[in-house]
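J.: Handing over query_28.txt, compact mmCIF, C-alpha atoms.
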# COMPACT_ATOMS: atom_id res chain seq x y z
CA MET A 923 -100.83 0.80 221.88
CA ALA A 924 -99.94 3.42 219.32
CA GLN A 925 -99.29 7.01 220.34
CA SER A 926 -99.89 10.09 218.23
CA THR A 927 -96.75 11.60 216.78
CA TYR A 928 -98.25 15.06 217.38
CA PRO A 929 -98.02 16.87 220.75
CA THR A 930 -101.34 16.23 222.48
CA GLN A 931 -103.01 17.53 225.63
CA GLN A 932 -106.33 16.28 226.93
CA TYR A 933 -108.54 17.76 229.64
CA THR A 934 -111.55 16.35 231.44
CA SER A 935 -114.65 18.55 231.73
CA GLY A 936 -113.56 19.67 235.21
CA ASN A 937 -110.34 21.08 233.78
CA PHE A 938 -111.55 23.24 230.91
CA VAL A 939 -114.01 26.07 230.55
CA GLU A 940 -115.46 27.33 227.29
CA SER A 941 -116.08 31.03 226.78
CA CYS A 942 -117.51 32.79 223.76
CA GLY A 943 -117.26 36.42 222.73
CA ALA A 944 -117.40 38.79 219.82
CA ILE A 945 -115.85 41.84 218.29
CA LEU A 946 -118.97 44.02 218.25
CA TYR A 947 -119.23 46.65 215.52
CA ASP A 948 -121.73 49.51 215.46
CA PRO A 949 -124.18 49.51 212.50
CA THR A 950 -121.87 51.58 210.31
CA ARG A 951 -118.88 49.32 211.17
CA GLN A 952 -116.86 52.43 211.96
CA LYS A 953 -116.76 51.82 215.73
CA VAL A 954 -116.02 48.88 218.02
CA CYS A 955 -117.65 48.21 221.39
CA LEU A 956 -115.31 47.60 224.32
CA ILE A 957 -116.13 46.93 227.95
CA HIS A 958 -114.43 48.56 230.91
CA LEU A 959 -114.20 46.40 234.03
CA ALA A 960 -114.52 48.78 236.98
CA GLN A 961 -112.94 46.37 239.47
CA SER A 962 -109.70 46.00 237.49
CA GLU A 963 -109.77 49.23 235.45
CA MET A 964 -109.19 47.24 232.23
CA TRP A 965 -110.70 47.67 228.79
CA THR A 966 -111.41 44.31 227.18
CA LEU A 967 -113.64 42.51 224.67
CA PRO A 968 -117.08 41.17 225.68
CA LYS A 969 -117.09 37.44 226.37
CA GLY A 970 -118.17 34.92 228.98
CA ARG A 971 -118.77 31.30 229.82
CA ARG A 972 -120.95 29.08 227.68
CA ASN A 973 -123.90 27.47 229.46
CA VAL A 974 -124.46 23.71 229.37
CA GLY A 975 -126.45 22.82 226.23
CA GLU A 976 -125.98 26.26 224.66
CA SER A 977 -124.44 26.66 221.21
CA ARG A 978 -121.24 28.67 221.00
CA GLN A 979 -122.91 31.20 218.70
CA LYS A 980 -125.80 31.76 221.12
CA ALA A 981 -123.38 32.00 224.04
CA ALA A 982 -121.39 34.71 222.25
CA LEU A 983 -124.51 36.75 221.48
CA ARG A 984 -125.91 36.29 225.01
CA GLU A 985 -122.64 37.26 226.66
CA VAL A 986 -122.23 40.33 224.47
CA TYR A 987 -125.78 41.42 225.35
CA GLU A 988 -125.36 40.71 229.07
CA GLU A 989 -122.11 42.67 229.27
CA THR A 990 -122.87 45.54 226.87
CA GLY A 991 -126.66 45.82 226.71
CA TYR A 992 -126.51 45.79 222.89
CA LYS A 993 -128.54 43.27 220.89
CA CYS A 994 -126.52 41.98 217.96
CA HIS A 995 -126.14 39.22 215.43
CA ILE A 996 -123.20 37.37 213.91
CA LEU A 997 -121.77 39.18 210.90
CA PRO A 998 -121.04 36.82 207.99
CA VAL A 999 -117.44 37.19 206.81
CA ASP A 1000 -115.24 35.53 204.23
CA MET A 1001 -112.52 33.62 206.07
CA LYS A 1002 -110.09 30.76 205.77
CA THR A 1003 -111.14 27.58 207.53
CA ARG A 1004 -110.06 23.99 207.75
CA ALA A 1005 -113.62 22.89 208.55
CA THR A 1006 -115.50 20.97 205.91
CA ILE A 1007 -118.14 22.83 203.94
CA ALA A 1008 -121.64 21.41 203.42
CA ASP A 1009 -121.15 20.23 199.82
CA ASP A 1010 -117.67 18.76 200.37
CA ALA A 1011 -116.89 15.24 199.33
CA VAL A 1012 -116.29 12.84 202.22
CA ASP A 1013 -112.59 12.75 201.33
CA ALA A 1014 -112.16 16.56 201.12
CA PRO A 1015 -108.57 17.52 201.90
CA ASP A 1016 -107.72 18.92 205.34
CA ALA A 1017 -106.48 22.26 204.06
CA ALA A 1018 -107.37 25.87 204.79
CA ARG A 1019 -109.60 27.49 202.18
CA ILE A 1020 -112.04 30.37 201.94
CA SER A 1021 -115.55 29.95 203.31
CA ARG A 1022 -117.83 32.72 202.03
CA ASP A 1023 -120.23 34.47 204.41
CA SER A 1024 -119.16 32.32 207.33
CA VAL A 1025 -120.77 32.74 210.75
CA GLU A 1026 -118.33 30.36 212.43
CA PRO A 1027 -115.75 31.43 215.03
CA PHE A 1028 -112.86 33.20 213.30
CA MET A 1029 -110.37 32.67 216.14
CA VAL A 1030 -109.86 30.66 219.31
CA THR A 1031 -107.82 31.63 222.35
CA MET A 1032 -106.38 28.97 224.67
CA ARG A 1033 -105.42 30.31 228.09
CA THR A 1034 -103.88 28.24 230.89
CA LEU A 1035 -105.92 28.43 234.07
CA ARG A 1036 -104.45 29.54 237.36
CA ASP A 1037 -102.19 27.02 239.11
CA GLY A 1038 -102.21 24.69 236.08
CA GLN A 1039 -105.82 23.67 236.72
CA GLY A 1040 -106.56 23.31 233.01
CA VAL A 1041 -107.46 25.64 230.15
CA LYS A 1042 -109.93 28.31 229.17
CA ILE A 1043 -110.99 28.09 225.53
CA ILE A 1044 -112.43 31.32 224.09
CA TRP A 1045 -114.27 31.15 220.75
CA TRP A 1046 -114.39 34.51 218.92
CA TYR A 1047 -117.02 35.75 216.47
CA VAL A 1048 -117.56 38.95 214.50
CA ALA A 1049 -120.87 40.61 215.41
CA ILE A 1050 -122.77 43.71 214.39
CA MET A 1051 -125.35 45.61 216.42
CA ASP A 1052 -128.97 45.06 215.47
CA LYS A 1053 -130.79 48.00 213.91
CA GLY A 1054 -131.92 50.28 216.74
CA ALA A 1055 -129.61 48.61 219.28
CA CYS A 1056 -128.22 51.94 220.50
CA GLU A 1057 -131.72 53.31 221.17
CA ALA A 1058 -132.89 50.07 222.84
CA LYS A 1059 -129.68 49.48 224.84
CA GLY A 1060 -130.22 47.26 227.86
CA PRO A 1061 -128.62 47.82 231.26
CA GLY A 1062 -125.53 45.69 230.69
CA GLU A 1063 -123.70 43.94 233.48
CA GLU A 1064 -123.14 45.58 236.87
CA GLY A 1065 -119.62 46.94 237.21
CA VAL A 1066 -119.13 46.97 233.45
CA LYS A 1067 -119.09 50.18 231.41
CA THR A 1068 -119.26 50.12 227.62
CA GLY A 1069 -117.81 52.42 225.03
CA LEU A 1070 -117.86 52.73 221.26
CA TYR A 1071 -114.48 53.58 219.79
CA SER A 1072 -112.79 53.91 216.45
CA TYR A 1073 -110.75 50.87 215.52
CA GLU A 1074 -107.50 52.72 216.28
CA GLU A 1075 -108.70 53.96 219.67
CA ALA A 1076 -110.07 50.51 220.58
CA GLU A 1077 -106.71 48.93 219.76
CA ARG A 1078 -104.96 51.51 221.96
CA LEU A 1079 -107.39 51.05 224.89
CA LEU A 1080 -107.40 47.24 225.05
CA TYR A 1081 -105.43 46.03 228.04
CA PHE A 1082 -104.29 42.65 226.73
CA GLU A 1083 -102.15 42.17 223.62
CA THR A 1084 -104.12 38.98 222.88
CA ASP A 1085 -107.32 41.09 222.69
CA ARG A 1086 -105.55 43.44 220.27
CA GLU A 1087 -104.63 40.43 218.11
CA VAL A 1088 -108.26 39.27 218.07
CA LEU A 1089 -109.40 42.80 217.15
CA ARG A 1090 -106.82 43.08 214.34
CA LYS A 1091 -107.89 39.74 212.83
CA ALA A 1092 -111.59 40.69 213.02
CA GLN A 1093 -110.88 44.07 211.45
CA ALA A 1094 -109.04 42.42 208.57
CA LEU A 1095 -111.95 40.01 207.98
CA VAL A 1096 -114.53 42.82 208.04
CA ALA A 1097 -112.45 44.94 205.65
CA LYS A 1098 -112.10 42.00 203.20
CA SER A 1099 -115.81 41.10 203.42
CA SER A 1100 -117.09 44.67 202.85
Written as structure tokens, how would this file's structure read?

T.:
Amino acid sequence: MAQSTYPTQQYTSGNFVESCGAILYDPTRQKVCLIHLAQSEMWTLPKGRRNVGESRQKAALREVYEETGYKCHILPVDMKTRATIADDAVDAPDAARISRDSVEPFMVTMRTLRDGQGVKIIWWYVAIMDKGACEAKGPGEEGVKTGLYSYEEAERLLYFETDREVLRKAQALVAKSS
């Protein structure tokens, strides 16, 4: 049997978990929504586990709403992707190129689970609050406080460097797409 020449890891469904989240911008795109986890005293980005049968996009929007109380939608951005685009030829090259107004995940985080039990895969989207979301804010998740911060303050508050990296990439995409 042939083996791939590329390093490969495989996980059964009991050894990976998919999460989805978003960098949530206020309607003017001048502030970012962070969540504060009371139990750990950490500021982080809203995200959570995808339900069985749920699309990643819907999971990201649901999780953001559950944790923050803000209704939102995916913000189309121009980004590089290796995914095929609808009108591509069947033999389109596997190369990164710009996809205009994309609502696909812009980043993925792979985190090893405790005690080597597998991996957590986090798909990241860019989202913007729906019109009137601040006035119609839901309760959010118990033990989770939300805050709207300038990009610079959000970057300073985030506990994990990986969250800062996700925020920086989202900010660059939003700035390019404006």

J.: As a ChimeraX atom specification, please: the residues near Tyr987 of chain A (cut-off 10 Å, only C-alpha atoms, same-chain neighbours under 5 positions excluded).

T.: /A:968-969,981-982,992-994,1051,1059-1063

J.: Using Å and a single decimal, report how far atom CA of Asp1052 of chain A sits from atom CA of Gln979 of chain A.

T.: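 Taking atom CA of Gln979 of chain A as the start and atom CA of Asp1052 of chain A as the end point, the length is 15.5 Å.
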
J.: Here is a test: counting only C-alpha atoms, which residue of A:Val939, A:Thr934, A:Ala924, A:Pro929 is nearest to Val1041 of chain A?

T.: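 Residue with the minimum atom-to-atom distance to Val1041 of chain A: A:Val939.
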
J.: What gap, in Å, lies between atom CA of Asp1010 of chain A and atom CA of Gln931 of chain A?

T.: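 Taking atom CA of Asp1010 of chain A as the start and atom CA of Gln931 of chain A as the end point, the length is 29.2 Å.
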
J.: Could you tell me, as a PyMOL selection string, which residues have any atom at most 10 Å from (-113.0, 46.7, 231.4), counting all atoms listed in the file?

T.: chain A and resi 956-968+1065-1069+1079-1081

J.: Determine the nearest neighbour of Ser941 of chain A from the options A:Thr1003, A:Gln1039, A:Ser977, A:Ser1099, counting all atoms listed in the file.

T.: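 Result for the nearest residue to Ser941 of chain A: A:Ser977.
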
J.: Which residues, written as a ChimeraX atom specification, have at least one atom at most 10 Å from Val1088 of chain A, with all atoms listed in the file counted and residues fewer than 2 positions away on the same chain left out?

T.: /A:944-945,967,1028-1031,1046-1048,1077,1083-1086,1090-1093

J.: Expressed in Å to a single decimal, how great is the separation between atom CA of Val986 of chain A and atom CA of Leu1070 of chain A?

T.: 13.5 Å

J.: Please tell me which residues are no farther than 8 Å from (-119.0, 47.9, 217.5) in the file, counting only C-alpha atoms, and write them as a VMD selection string.

T.: chain A and resid 945 to 949 951 to 956 1049 to 1051 1070 to 1071
